[in-house]
2 protein chains.
Amino acid sequence: FLARAIEKCDTLGQENVFVEDALGRITATSLLAKNSVPHYHAAAMDGIAVKAADTFTASETEPVILKINKNAYFVDTGSPLPEGCDAVIMIEDVFPLSSEDYEIRAAATPWQHVRSIGEDIVASEMILPPFHRIRPVDLGPLVAGGWEYIPVLKKPRVGILPTGSELVPLGSRPEKGQIIESNSYTFAGLLRSWGGEPRRYNIVKDEFDLIKKEVEQAVKENDLVLIGAGSSAGRKDHTVHVLQEMGEVLVHGVAIRPGKPAILAIVQGKPVVGVPGYPVSAYFILDLFVKPLLYRWQKQALPERDKCRAIFTRRVVSSLKEEEFLRVKLGKVGKKIIATPLSRGAGVSMSLVRADGLARIPLNCEGLEAGQEAEVELWRDMAEIENTVVCIGSHDVSLDLLGSFFKRKYPSYNLASTHVGSMGGIMALKRGECHLAGIHLLDEKTGEYNISFLKRYLPGIEIVLVNLLYRQLGLFVAPGNPKKIYGIEDLTRDEILFVNRQRGAGTRLFLDYQLKEKKLDPCSIKGYQREEYNHLAVAAAVASGSCDAGLGIKAAAVALGVDFVPLAQERYDLAIPLIYYKTEQVQGLLETISEHRFRKAVEELGGYDLSHSGEVIWQSSKI
Amino acid sequence: FLARAIEKCDTLGQENVFVEDALGRITATSLLAKNSVPHYHAAAMDGIAVKAADTFTASETEPVILKINKNAYFVDTGSPLPEGCDAVIMIEDVFPLSSEDYEIRAAATPWQHVRSIGEDIVASEMILPPFHRIRPVDLGPLVAGGWEYIPVLKKPRVGILPTGSELVPLGSRPEKGQIIESNSYTFAGLLRSWGGEPRRYNIVKDEFDLIKKEVEQAVKENDLVLIGAGSSAGRKDHTVHVLQEMGEVLVHGVAIRPGKPAILAIVQGKPVVGVPGYPVSAYFILDLFVKPLLYRWQKQALPERDKCRAIFTRRVVSSLKEEEFLRVKLGKVGKKIIATPLSRGAGVSMSLVRADGLARIPLNCEGLEAGQEAEVELWRDMAEIENTVVCIGSHDVSLDLLGSFFKRKYPSYNLASTHVGSMGGIMALKRGECHLAGIHLLDEKTGEYNISFLKRYLPGIEIVLVNLLYRQLGLFVAPGNPKKIYGIEDLTRDEILFVNRQRGAGTRLFLDYQLKEKKLDPCSIKGYQREEYNHLAVAAAVASGSCDAGLGIKAAAVALGVDFVPLAQERYDLAIPLIYYKTEQVQGLLETISEHRFRKAVEELGGYDLSHSGEVIWQSSKI
């Protein structure tokens, strides 16, 4: 496809742009200097210009006397040398005898303190080669070398055609079954960053004739056309049929994941790409097929991303039949670089936002084991990853806020939170995969939080336990509590549908503890098996009406507008190995926690008590 | 200065921009999702939507029959789940009995093939943190999460005020003593690439009151002001006095080279930087003082450039009193990274264009020895440097063209030519510092070119000698040849001023050979000591009238419009060690040489014969 597409559009044509607008553009030819810089011999010092030959006999004992405007001329730095002069004597080395006569006590060598013609740029010399991306430092020499309008390659024009009857444009309020068309904005951004000139067309309904008409128009007006499917590229997908009728479909379906249902075609000599509707699939299709095309057209080498070896925190099972592109969060913990796989769903656009890197699991590979090392392409600078505090553990809504305030206080630092539950956090600490873990684990025997778990599971690691906050735990119920749910007992009622948290979550442990206390059977709760990974997702499930109750923190209930039935207050702490506790990054994070502004912002979320935030609760003694 | 300046302008203020224009801007706050994505439970497959509970008993032997629009509903991928449904069965697993009755043979689990509310984004979840530079992949999720106008930090406004009575604006034809103002274009490009909003003001003459008035205006309209001196910042430099009168001058003079005469001041609470006139000095002052300020204001960490260790090809003597910023060309030859220092002049803006990297020679260091290793900050990707063919040796005008055609044919490859003369090239080969050397060395005894030198100086290295071209060598004289110079003998005449090439240049060896043959004394030639480093510079010297004659190739005479007195035709070859001869890059270069287009372009320069280009002239036998 690439070869065919490149052949079809080998010359982009050129245009002249004013030098100030040429930044980032690609030169269309070599740019030769139209004049020398400087274009005259110029004094490089303040002083007098002389003919060196007139000074050859000068010495301390036998000075030479020069006459101003006869054989010596005052010059400033940058002044042209008067006719016949070939050297400048610094003003400090000139001794006035009268207003006309000046004594010099050392011979001048020819061309001393002179910027001669072409010292910087010689006329006809190449300032920039062809197909060079113009940088800031190129602009001054271009101007100095006589260029005002710069011949640059035209930008490849790319039409973006969103299709899908369920799509509505940005600015509308989508009904159920409608979604706001958003992919074209990411496409436009990507194309722009690759040097292209994107043009977003209006949304086209899923009708053969409408699509065909728009594709015809777009092909006419662009060098390349992307046809975006809606996220519902199912039964009614006409794109491939349109393209078959209008031109030649070269590829339909690509063995990568996400990204499979792509179409590569040539219509009227121009490449057309049918892009899948799911945002992550779409991203990889653009990255794999459109980016190289744009770079080739602009005669630019595809930039290679830096790579590193990273240890995977979780097992990943991958299909043998496809190459999988796995987005990961990265962090440097001690000397290890740790990779945590993000959501693998093709529809989870946030996985692209959150990713620090990309791992490729090749065809015919079953996946990766937890603890296995693999190559990861870096999407952020290593320095940024090294400045990231990795927090793995229980989810709390305040962690996002903490990250914000942390970044605000220390622009070079980041907080990366991964939510795998409290026990998951403790296991990550044990494996040395995080700097700290957010935990809220109630010991059924003592009624104490967290400490006994740290003692039991992390006997060899010196830990400092710092309180983050106390928070209210309770039941999420529909607004107005129509099903009259007031406690754990109500969850076992026949008509109540529950949504649970995943195994290892502190909130789930709390539920199980309560069930045991009350001698209730988990199997008697409908939906006990349905798991969500954080408080917001549980609250969202209740808000949407897909279940009647869930267990979580008050802040999530407030955020999603559901009612909250308080059951208990629990302590949420940060467990930090001593070696990381002492680092600047973690100390910076703890300072952020102690700030009044942060506490106030969290308290406003509802259900939080931060009066002990930042206090050291407990510290394990040295073994 | 930075601390003072940052304090003065800690908050840039924010503005709302349309999401498409937000690419590359910095978020002013955290951006939370205004709605969930998807905002309804959606089918993730084409099929029928069901209530999972209705299917629990289904099996191969005991299928369940569902009635369409009663307890089963056709859905496409993306369709909302009908009220009461909680699972989707793929169309492939549904067996029609009639138009109404459909049989299923396996139980559906709740939420199978369903994209539930918030699967991608949960309402109120943070899409982007504050002070995040918006990337293409962020745009889609912002739109999907309900954002149309994005609150971003205002760009820091920076006024650029060029001063200097000798400056004329781009578009004018400069007289002798005038120069086109070019620094402000580089400044604007740099500021833009650092996230600033530059504004170039008109050129101000070197008069105290005019400068003062303009500075007042610029300080009012911007967050930061740069006052650019002309390249002639000598006697008449008023900037520091203006700033002393208007505000507080914190620093005047910085111990770096190039860059020394900088001024850092605060005027009406805003930072003002007096930037030196020489373009390279100006660059480093901006890089050291303005860039960190802009990044701090935008709450961004200063990006760190990659570094490498490189071996220096030449000795560099540096001042003890200043930190020196040395621009270098880099190339990878074998396993070594080789750094060749570029021109160190503060006025040579092309050294910034040509540089691949930067070496810092600290205060109190005397410099670097040839062969010494030092740290170099990379200005290009390592991949780009690895794809660079390093050619060190004699200068020829066709090398620029060769580089252009090479890049055109192989966009990912580069040719880096350094001109140190033919003998310099052979020495670079000996030290393993280049892939090939351009040489034209006449053996006085045999009249043969190049081969005897390779045998003598590179006995241990297998070399392939490839012809690049034959070229006419002769004398450059003023148009019309007013001084009637027809041969080497004329150079010794009293009224003739000559300009020579540097020691080790093949052209100089040719001259010395001719002088010896003709039994002439080099000391009898006026200007024999004045050295230029390439043919164009010699021709430029003759063109400017600063000398009467020089020796060089015809193409340079044609380019600079001087007359040419032919003396001989010489062979210019490329000496390539066998190990590099076999590499893809060098083979690509040789293919470029063989191309008709390249040959034609070179022949048009004048004085060239390319009928043997690309032929292997000689190959040393294995030792």
# chains A, B, ... in the order shown; residues from 1 in each chain; ligands from 1

call {"tool": "residues_around", "arguments": {"residues": "Leu286 of chain B", "least_positions_apart": "5", "cutoff": "8 Å", "atoms": "only C-alpha atoms", "output": "list in words"}}
result
Phe187, Val275 and Lys291 of chain B

call {"tool": "write_last_selection", "arguments": {"atoms": "all heavy atoms", "output": "mmCIF file, in the first residue's frame"}}
result
data_model
loop_
_atom_site.group_PDB
_atom_site.id
_atom_site.type_symbol
_atom_site.label_atom_id
_atom_site.label_comp_id
_atom_site.auth_asym_id
_atom_site.auth_seq_id
_atom_site.Cartn_x
_atom_site.Cartn_y
_atom_site.Cartn_z
ATOM 1 N N PHE B 187 15.198 34.760 16.910
ATOM 2 C CA PHE B 187 14.600 34.920 18.251
ATOM 3 C C PHE B 187 13.130 34.497 18.225
ATOM 4 O O PHE B 187 12.658 33.756 19.079
ATOM 5 C CB PHE B 187 14.655 36.382 18.720
ATOM 6 C CG PHE B 187 16.034 36.934 18.951
ATOM 7 C CD1 PHE B 187 17.168 36.170 18.729
ATOM 8 C CD2 PHE B 187 16.196 38.240 19.386
ATOM 9 C CE1 PHE B 187 18.433 36.691 18.937
ATOM 10 C CE2 PHE B 187 17.462 38.774 19.594
ATOM 11 C CZ PHE B 187 18.575 38.012 19.362
ATOM 12 N N VAL B 275 20.385 41.592 24.652
ATOM 13 C CA VAL B 275 20.970 40.448 23.950
ATOM 14 C C VAL B 275 22.106 40.939 23.053
ATOM 15 O O VAL B 275 21.926 41.918 22.329
ATOM 16 C CB VAL B 275 19.887 39.742 23.095
ATOM 17 C CG1 VAL B 275 20.449 38.494 22.435
ATOM 18 C CG2 VAL B 275 18.674 39.393 23.945
ATOM 19 N N LYS B 291 14.890 30.810 27.776
ATOM 20 C CA LYS B 291 14.201 29.514 27.700
ATOM 21 C C LYS B 291 13.748 29.017 29.082
ATOM 22 O O LYS B 291 12.568 28.671 29.252
ATOM 23 C CB LYS B 291 15.134 28.502 27.035
ATOM 24 C CG LYS B 291 14.534 27.138 26.801
ATOM 25 C CD LYS B 291 15.567 26.230 26.139
ATOM 26 C CE LYS B 291 14.998 24.858 25.852
ATOM 27 N NZ LYS B 291 16.051 23.961 25.313
#

call {"tool": "interface_residues", "arguments": {"of": "chain B", "to": "chain A", "cutoff": "6 Å", "atoms": "only C-alpha atoms", "output": "PDB file with all heavy atoms, in the first residue's frame"}}
result
ATOM      1  N   ASP B  76     -27.121  -3.303  16.826  1.00  0.00           N
ATOM      2  CA  ASP B  76     -25.835  -3.200  16.133  1.00  0.00           C
ATOM      3  C   ASP B  76     -24.788  -2.761  17.150  1.00  0.00           C
ATOM      4  O   ASP B  76     -25.139  -2.202  18.198  1.00  0.00           O
ATOM      5  CB  ASP B  76     -25.913  -2.133  15.036  1.00  0.00           C
ATOM      6  CG  ASP B  76     -26.840  -2.551  13.919  1.00  0.00           C
ATOM      7  OD1 ASP B  76     -26.950  -3.766  13.675  1.00  0.00           O
ATOM      8  OD2 ASP B  76     -27.459  -1.655  13.309  1.00  0.00           O
ATOM      9  N   THR B  77     -23.552  -2.983  16.775  1.00  0.00           N
ATOM     10  CA  THR B  77     -22.479  -2.451  17.606  1.00  0.00           C
ATOM     11  C   THR B  77     -22.739  -0.968  17.835  1.00  0.00           C
ATOM     12  O   THR B  77     -22.992  -0.225  16.889  1.00  0.00           O
ATOM     13  CB  THR B  77     -21.133  -2.624  16.882  1.00  0.00           C
ATOM     14  OG1 THR B  77     -21.029  -3.971  16.458  1.00  0.00           O
ATOM     15  CG2 THR B  77     -19.976  -2.274  17.787  1.00  0.00           C
ATOM     16  N   GLY B  78     -22.717  -0.553  19.086  1.00  0.00           N
ATOM     17  CA  GLY B  78     -22.914   0.866  19.387  1.00  0.00           C
ATOM     18  C   GLY B  78     -24.328   1.226  19.760  1.00  0.00           C
ATOM     19  O   GLY B  78     -24.565   2.266  20.376  1.00  0.00           O
ATOM     20  N   SER B  79     -25.294   0.364  19.406  1.00  0.00           N
ATOM     21  CA  SER B  79     -26.687   0.679  19.762  1.00  0.00           C
ATOM     22  C   SER B  79     -26.856   0.642  21.277  1.00  0.00           C
ATOM     23  O   SER B  79     -26.197  -0.130  21.963  1.00  0.00           O
ATOM     24  CB  SER B  79     -27.652  -0.364  19.181  1.00  0.00           C
ATOM     25  OG  SER B  79     -27.493  -0.479  17.811  1.00  0.00           O
ATOM     26  N   PRO B  80     -27.784   1.485  21.790  1.00  0.00           N
ATOM     27  CA  PRO B  80     -28.053   1.414  23.222  1.00  0.00           C
ATOM     28  C   PRO B  80     -28.770   0.107  23.563  1.00  0.00           C
ATOM     29  O   PRO B  80     -29.555  -0.392  22.769  1.00  0.00           O
ATOM     30  CB  PRO B  80     -28.953   2.620  23.487  1.00  0.00           C
ATOM     31  CG  PRO B  80     -29.409   3.110  22.159  1.00  0.00           C
ATOM     32  CD  PRO B  80     -28.540   2.524  21.101  1.00  0.00           C
ATOM     33  N   ASP B 120     -14.930   3.967  28.841  1.00  0.00           N
ATOM     34  CA  ASP B 120     -13.765   4.759  28.447  1.00  0.00           C
ATOM     35  C   ASP B 120     -13.487   5.862  29.468  1.00  0.00           C
ATOM     36  O   ASP B 120     -12.431   5.908  30.065  1.00  0.00           O
ATOM     37  CB  ASP B 120     -13.999   5.349  27.045  1.00  0.00           C
ATOM     38  CG  ASP B 120     -12.768   6.051  26.487  1.00  0.00           C
ATOM     39  OD1 ASP B 120     -11.775   6.190  27.225  1.00  0.00           O
ATOM     40  OD2 ASP B 120     -12.799   6.467  25.315  1.00  0.00           O
ATOM     41  N   PRO B 129      -4.382  16.487  33.530  1.00  0.00           N
ATOM     42  CA  PRO B 129      -3.979  17.252  34.713  1.00  0.00           C
ATOM     43  C   PRO B 129      -3.681  18.705  34.324  1.00  0.00           C
ATOM     44  O   PRO B 129      -3.607  19.022  33.145  1.00  0.00           O
ATOM     45  CB  PRO B 129      -2.696  16.543  35.157  1.00  0.00           C
ATOM     46  CG  PRO B 129      -2.130  15.945  33.913  1.00  0.00           C
ATOM     47  CD  PRO B 129      -3.315  15.613  33.034  1.00  0.00           C
ATOM     48  N   PRO B 136      -1.966  15.341  20.414  1.00  0.00           N
ATOM     49  CA  PRO B 136      -3.067  14.898  19.548  1.00  0.00           C
ATOM     50  C   PRO B 136      -3.995  13.886  20.238  1.00  0.00           C
ATOM     51  O   PRO B 136      -5.215  14.026  20.155  1.00  0.00           O
ATOM     52  CB  PRO B 136      -2.346  14.273  18.359  1.00  0.00           C
ATOM     53  CG  PRO B 136      -1.042  14.986  18.270  1.00  0.00           C
ATOM     54  CD  PRO B 136      -0.658  15.285  19.696  1.00  0.00           C
ATOM     55  N   VAL B 137      -3.423  12.893  20.926  1.00  0.00           N
ATOM     56  CA  VAL B 137      -4.290  11.856  21.521  1.00  0.00           C
ATOM     57  C   VAL B 137      -5.165  12.387  22.645  1.00  0.00           C
ATOM     58  O   VAL B 137      -6.085  11.703  23.086  1.00  0.00           O
ATOM     59  CB  VAL B 137      -3.487  10.636  22.059  1.00  0.00           C
ATOM     60  CG1 VAL B 137      -2.839   9.880  20.912  1.00  0.00           C
ATOM     61  CG2 VAL B 137      -2.474  11.035  23.111  1.00  0.00           C
ATOM     62  N   ASP B 138      -4.882  13.609  23.138  1.00  0.00           N
ATOM     63  CA  ASP B 138      -5.717  14.180  24.192  1.00  0.00           C
ATOM     64  C   ASP B 138      -6.993  14.804  23.617  1.00  0.00           C
ATOM     65  O   ASP B 138      -7.973  14.992  24.338  1.00  0.00           O
ATOM     66  CB  ASP B 138      -4.944  15.274  24.941  1.00  0.00           C
ATOM     67  CG  ASP B 138      -3.664  14.745  25.585  1.00  0.00           C
ATOM     68  OD1 ASP B 138      -3.672  13.575  26.001  1.00  0.00           O
ATOM     69  OD2 ASP B 138      -2.686  15.494  25.663  1.00  0.00           O
ATOM     70  N   LEU B 139      -6.962  15.151  22.332  1.00  0.00           N
ATOM     71  CA  LEU B 139      -8.065  15.946  21.770  1.00  0.00           C
ATOM     72  C   LEU B 139      -9.360  15.147  21.697  1.00  0.00           C
ATOM     73  O   LEU B 139     -10.424  15.645  22.079  1.00  0.00           O
ATOM     74  CB  LEU B 139      -7.679  16.466  20.376  1.00  0.00           C
ATOM     75  CG  LEU B 139      -6.478  17.430  20.355  1.00  0.00           C
ATOM     76  CD1 LEU B 139      -6.112  17.781  18.919  1.00  0.00           C
ATOM     77  CD2 LEU B 139      -6.777  18.698  21.146  1.00  0.00           C
ATOM     78  N   GLY B 140      -9.287  13.914  21.213  1.00  0.00           N
ATOM     79  CA  GLY B 140     -10.481  13.068  21.116  1.00  0.00           C
ATOM     80  C   GLY B 140     -11.162  12.893  22.464  1.00  0.00           C
ATOM     81  O   GLY B 140     -12.359  13.171  22.597  1.00  0.00           O
ATOM     82  N   VAL B 143     -12.978  16.044  23.618  1.00  0.00           N
ATOM     83  CA  VAL B 143     -14.245  16.244  22.905  1.00  0.00           C
ATOM     84  C   VAL B 143     -15.284  15.244  23.413  1.00  0.00           C
ATOM     85  O   VAL B 143     -16.416  15.617  23.752  1.00  0.00           O
ATOM     86  CB  VAL B 143     -14.038  16.090  21.381  1.00  0.00           C
ATOM     87  CG1 VAL B 143     -15.373  16.015  20.654  1.00  0.00           C
ATOM     88  CG2 VAL B 143     -13.195  17.249  20.847  1.00  0.00           C
ATOM     89  N   ALA B 144     -14.880  13.981  23.505  1.00  0.00           N
ATOM     90  CA  ALA B 144     -15.813  12.949  23.964  1.00  0.00           C
ATOM     91  C   ALA B 144     -16.279  13.239  25.384  1.00  0.00           C
ATOM     92  O   ALA B 144     -17.417  12.967  25.746  1.00  0.00           O
ATOM     93  CB  ALA B 144     -15.146  11.576  23.890  1.00  0.00           C
ATOM     94  N   GLY B 177      28.294  48.995   4.932  1.00  0.00           N
ATOM     95  CA  GLY B 177      28.122  49.547   6.273  1.00  0.00           C
ATOM     96  C   GLY B 177      26.741  49.282   6.845  1.00  0.00           C
ATOM     97  O   GLY B 177      26.500  49.502   8.015  1.00  0.00           O
ATOM     98  N   SER B 182      18.621  40.356  11.051  1.00  0.00           N
ATOM     99  CA  SER B 182      18.197  38.964  10.895  1.00  0.00           C
ATOM    100  C   SER B 182      18.002  38.244  12.228  1.00  0.00           C
ATOM    101  O   SER B 182      17.250  37.282  12.310  1.00  0.00           O
ATOM    102  CB  SER B 182      19.208  38.194  10.041  1.00  0.00           C
ATOM    103  OG  SER B 182      20.483  38.208  10.653  1.00  0.00           O
ATOM    104  N   ASN B 183      18.651  38.736  13.294  1.00  0.00           N
ATOM    105  CA  ASN B 183      18.550  38.033  14.577  1.00  0.00           C
ATOM    106  C   ASN B 183      17.117  37.882  15.065  1.00  0.00           C
ATOM    107  O   ASN B 183      16.757  36.853  15.646  1.00  0.00           O
ATOM    108  CB  ASN B 183      19.345  38.765  15.660  1.00  0.00           C
ATOM    109  CG  ASN B 183      20.833  38.483  15.581  1.00  0.00           C
ATOM    110  OD1 ASN B 183      21.271  37.668  14.761  1.00  0.00           O
ATOM    111  ND2 ASN B 183      21.601  39.130  16.425  1.00  0.00           N
ATOM    112  N   TYR B 185      14.472  37.217  13.653  1.00  0.00           N
ATOM    113  CA  TYR B 185      13.746  36.077  13.087  1.00  0.00           C
ATOM    114  C   TYR B 185      14.095  34.791  13.819  1.00  0.00           C
ATOM    115  O   TYR B 185      13.224  33.976  14.125  1.00  0.00           O
ATOM    116  CB  TYR B 185      14.026  35.968  11.585  1.00  0.00           C
ATOM    117  CG  TYR B 185      13.478  37.154  10.830  1.00  0.00           C
ATOM    118  CD1 TYR B 185      14.228  38.305  10.659  1.00  0.00           C
ATOM    119  CD2 TYR B 185      12.175  37.133  10.351  1.00  0.00           C
ATOM    120  CE1 TYR B 185      13.708  39.413  10.006  1.00  0.00           C
ATOM    121  CE2 TYR B 185      11.641  38.234   9.688  1.00  0.00           C
ATOM    122  CZ  TYR B 185      12.408  39.371   9.520  1.00  0.00           C
ATOM    123  OH  TYR B 185      11.878  40.458   8.883  1.00  0.00           O
ATOM    124  N   THR B 186      15.395  34.638  14.120  1.00  0.00           N
ATOM    125  CA  THR B 186      15.788  33.479  14.922  1.00  0.00           C
ATOM    126  C   THR B 186      15.159  33.558  16.315  1.00  0.00           C
ATOM    127  O   THR B 186      14.631  32.572  16.827  1.00  0.00           O
ATOM    128  CB  THR B 186      17.322  33.393  15.038  1.00  0.00           C
ATOM    129  OG1 THR B 186      17.868  33.142  13.744  1.00  0.00           O
ATOM    130  CG2 THR B 186      17.751  32.273  15.971  1.00  0.00           C
ATOM    131  N   GLY B 189      11.562  32.570  16.207  1.00  0.00           N
ATOM    132  CA  GLY B 189      11.439  31.121  16.039  1.00  0.00           C
ATOM    133  C   GLY B 189      11.708  30.379  17.335  1.00  0.00           C
ATOM    134  O   GLY B 189      10.976  29.460  17.713  1.00  0.00           O
ATOM    135  N   LEU B 190      12.760  30.785  18.024  1.00  0.00           N
ATOM    136  CA  LEU B 190      13.078  30.133  19.295  1.00  0.00           C
ATOM    137  C   LEU B 190      11.948  30.332  20.299  1.00  0.00           C
ATOM    138  O   LEU B 190      11.493  29.377  20.939  1.00  0.00           O
ATOM    139  CB  LEU B 190      14.382  30.710  19.877  1.00  0.00           C
ATOM    140  CG  LEU B 190      15.670  30.313  19.150  1.00  0.00           C
ATOM    141  CD1 LEU B 190      16.849  31.145  19.649  1.00  0.00           C
ATOM    142  CD2 LEU B 190      15.960  28.821  19.330  1.00  0.00           C
ATOM    143  N   SER B 232      27.199  45.541  15.822  1.00  0.00           N
ATOM    144  CA  SER B 232      28.232  46.513  16.133  1.00  0.00           C
ATOM    145  C   SER B 232      27.954  47.151  17.484  1.00  0.00           C
ATOM    146  O   SER B 232      27.745  48.341  17.594  1.00  0.00           O
ATOM    147  CB  SER B 232      28.223  47.594  15.073  1.00  0.00           C
ATOM    148  OG  SER B 232      26.954  48.230  15.087  1.00  0.00           O
ATOM    149  N   GLY B 234      29.309  48.549  19.900  1.00  0.00           N
ATOM    150  CA  GLY B 234      30.564  49.143  20.371  1.00  0.00           C
ATOM    151  C   GLY B 234      30.307  50.407  21.170  1.00  0.00           C
ATOM    152  O   GLY B 234      29.431  50.438  22.029  1.00  0.00           O
ATOM    153  N   LYS B 299       5.050  26.376  33.668  1.00  0.00           N
ATOM    154  CA  LYS B 299       5.072  25.230  34.605  1.00  0.00           C
ATOM    155  C   LYS B 299       5.531  23.944  33.921  1.00  0.00           C
ATOM    156  O   LYS B 299       5.034  22.859  34.219  1.00  0.00           O
ATOM    157  CB  LYS B 299       3.671  24.976  35.207  1.00  0.00           C
ATOM    158  CG  LYS B 299       2.998  26.217  35.724  1.00  0.00           C
ATOM    159  CD  LYS B 299       3.329  26.459  37.163  1.00  0.00           C
ATOM    160  CE  LYS B 299       2.546  27.664  37.672  1.00  0.00           C
ATOM    161  NZ  LYS B 299       3.062  28.148  38.937  1.00  0.00           N
ATOM    162  N   GLN B 300       6.432  24.099  32.999  1.00  0.00           N
ATOM    163  CA  GLN B 300       6.959  22.927  32.302  1.00  0.00           C
ATOM    164  C   GLN B 300       8.399  22.673  32.737  1.00  0.00           C
ATOM    165  O   GLN B 300       9.157  23.620  32.937  1.00  0.00           O
ATOM    166  CB  GLN B 300       6.942  23.149  30.779  1.00  0.00           C
ATOM    167  CG  GLN B 300       5.568  23.405  30.204  1.00  0.00           C
ATOM    168  CD  GLN B 300       4.639  22.231  30.431  1.00  0.00           C
ATOM    169  OE1 GLN B 300       4.843  21.143  29.935  1.00  0.00           O
ATOM    170  NE2 GLN B 300       3.593  22.470  31.225  1.00  0.00           N
ATOM    171  N   ALA B 301       8.753  21.407  32.880  1.00  0.00           N
ATOM    172  CA  ALA B 301      10.140  21.068  33.164  1.00  0.00           C
ATOM    173  C   ALA B 301      10.957  21.341  31.902  1.00  0.00           C
ATOM    174  O   ALA B 301      10.488  21.120  30.794  1.00  0.00           O
ATOM    175  CB  ALA B 301      10.248  19.609  33.559  1.00  0.00           C
ATOM    176  N   VAL B 348      29.475  33.757  13.532  1.00  0.00           N
ATOM    177  CA  VAL B 348      29.243  32.745  12.499  1.00  0.00           C
ATOM    178  C   VAL B 348      27.937  32.006  12.786  1.00  0.00           C
ATOM    179  O   VAL B 348      27.915  30.962  13.431  1.00  0.00           O
ATOM    180  CB  VAL B 348      30.441  31.776  12.394  1.00  0.00           C
ATOM    181  CG1 VAL B 348      30.229  30.771  11.269  1.00  0.00           C
ATOM    182  CG2 VAL B 348      31.723  32.563  12.149  1.00  0.00           C
ATOM    183  N   VAL B 353      23.643  26.442  12.444  1.00  0.00           N
ATOM    184  CA  VAL B 353      22.917  25.678  11.434  1.00  0.00           C
ATOM    185  C   VAL B 353      23.574  24.321  11.232  1.00  0.00           C
ATOM    186  O   VAL B 353      22.915  23.291  11.125  1.00  0.00           O
ATOM    187  CB  VAL B 353      22.871  26.458  10.101  1.00  0.00           C
ATOM    188  CG1 VAL B 353      22.258  25.613   8.995  1.00  0.00           C
ATOM    189  CG2 VAL B 353      22.094  27.762  10.275  1.00  0.00           C
ATOM    190  N   SER B 404      22.999  17.191  -1.335  1.00  0.00           N
ATOM    191  CA  SER B 404      21.589  17.429  -1.686  1.00  0.00           C
ATOM    192  C   SER B 404      20.981  16.251  -2.428  1.00  0.00           C
ATOM    193  O   SER B 404      19.896  15.780  -2.096  1.00  0.00           O
ATOM    194  CB  SER B 404      21.456  18.647  -2.587  1.00  0.00           C
ATOM    195  OG  SER B 404      21.930  19.783  -1.947  1.00  0.00           O
ATOM    196  N   PRO B 411      16.157   9.796   1.895  1.00  0.00           N
ATOM    197  CA  PRO B 411      15.809  10.837   2.877  1.00  0.00           C
ATOM    198  C   PRO B 411      16.403  10.611   4.272  1.00  0.00           C
ATOM    199  O   PRO B 411      16.597  11.567   5.007  1.00  0.00           O
ATOM    200  CB  PRO B 411      14.281  10.779   2.916  1.00  0.00           C
ATOM    201  CG  PRO B 411      13.887  10.211   1.603  1.00  0.00           C
ATOM    202  CD  PRO B 411      14.973   9.255   1.226  1.00  0.00           C
ATOM    203  N   SER B 412      16.691   9.357   4.628  1.00  0.00           N
ATOM    204  CA  SER B 412      17.172   9.155   5.994  1.00  0.00           C
ATOM    205  C   SER B 412      18.690   9.290   6.115  1.00  0.00           C
ATOM    206  O   SER B 412      19.219   9.252   7.209  1.00  0.00           O
ATOM    207  CB  SER B 412      16.715   7.792   6.518  1.00  0.00           C
ATOM    208  OG  SER B 412      17.190   6.772   5.673  1.00  0.00           O
TER     209      SER B 412
END

call {"tool": "closest_residue", "arguments": {"among": "B:Met90, B:Val616, B:Val376, B:Ala339", "to": "Thr313 of chain B", "atoms": "only C-alpha atoms"}}
result
B:Ala339

call {"tool": "select_by_dssp", "arguments": {"residues": "segment 451-493 of chain B", "states": "strand (DSSP E or B)", "output": "list in words"}}
result
Ile463, Val464, Leu465, Val466, Asn467, Leu468, Leu469, Tyr470, Arg471, Gln472, Leu473, Gly474, Leu475, Phe476 and Val477 of chain B

call {"tool": "residues_around", "arguments": {"residues": "Pro566 of chain A", "least_positions_apart": "3", "cutoff": "12 Å", "atoms": "only C-alpha atoms", "output": "PyMOL selection string"}}
result
chain A and resi 471-477+485-488+550-555+557+563+569-570+606-607
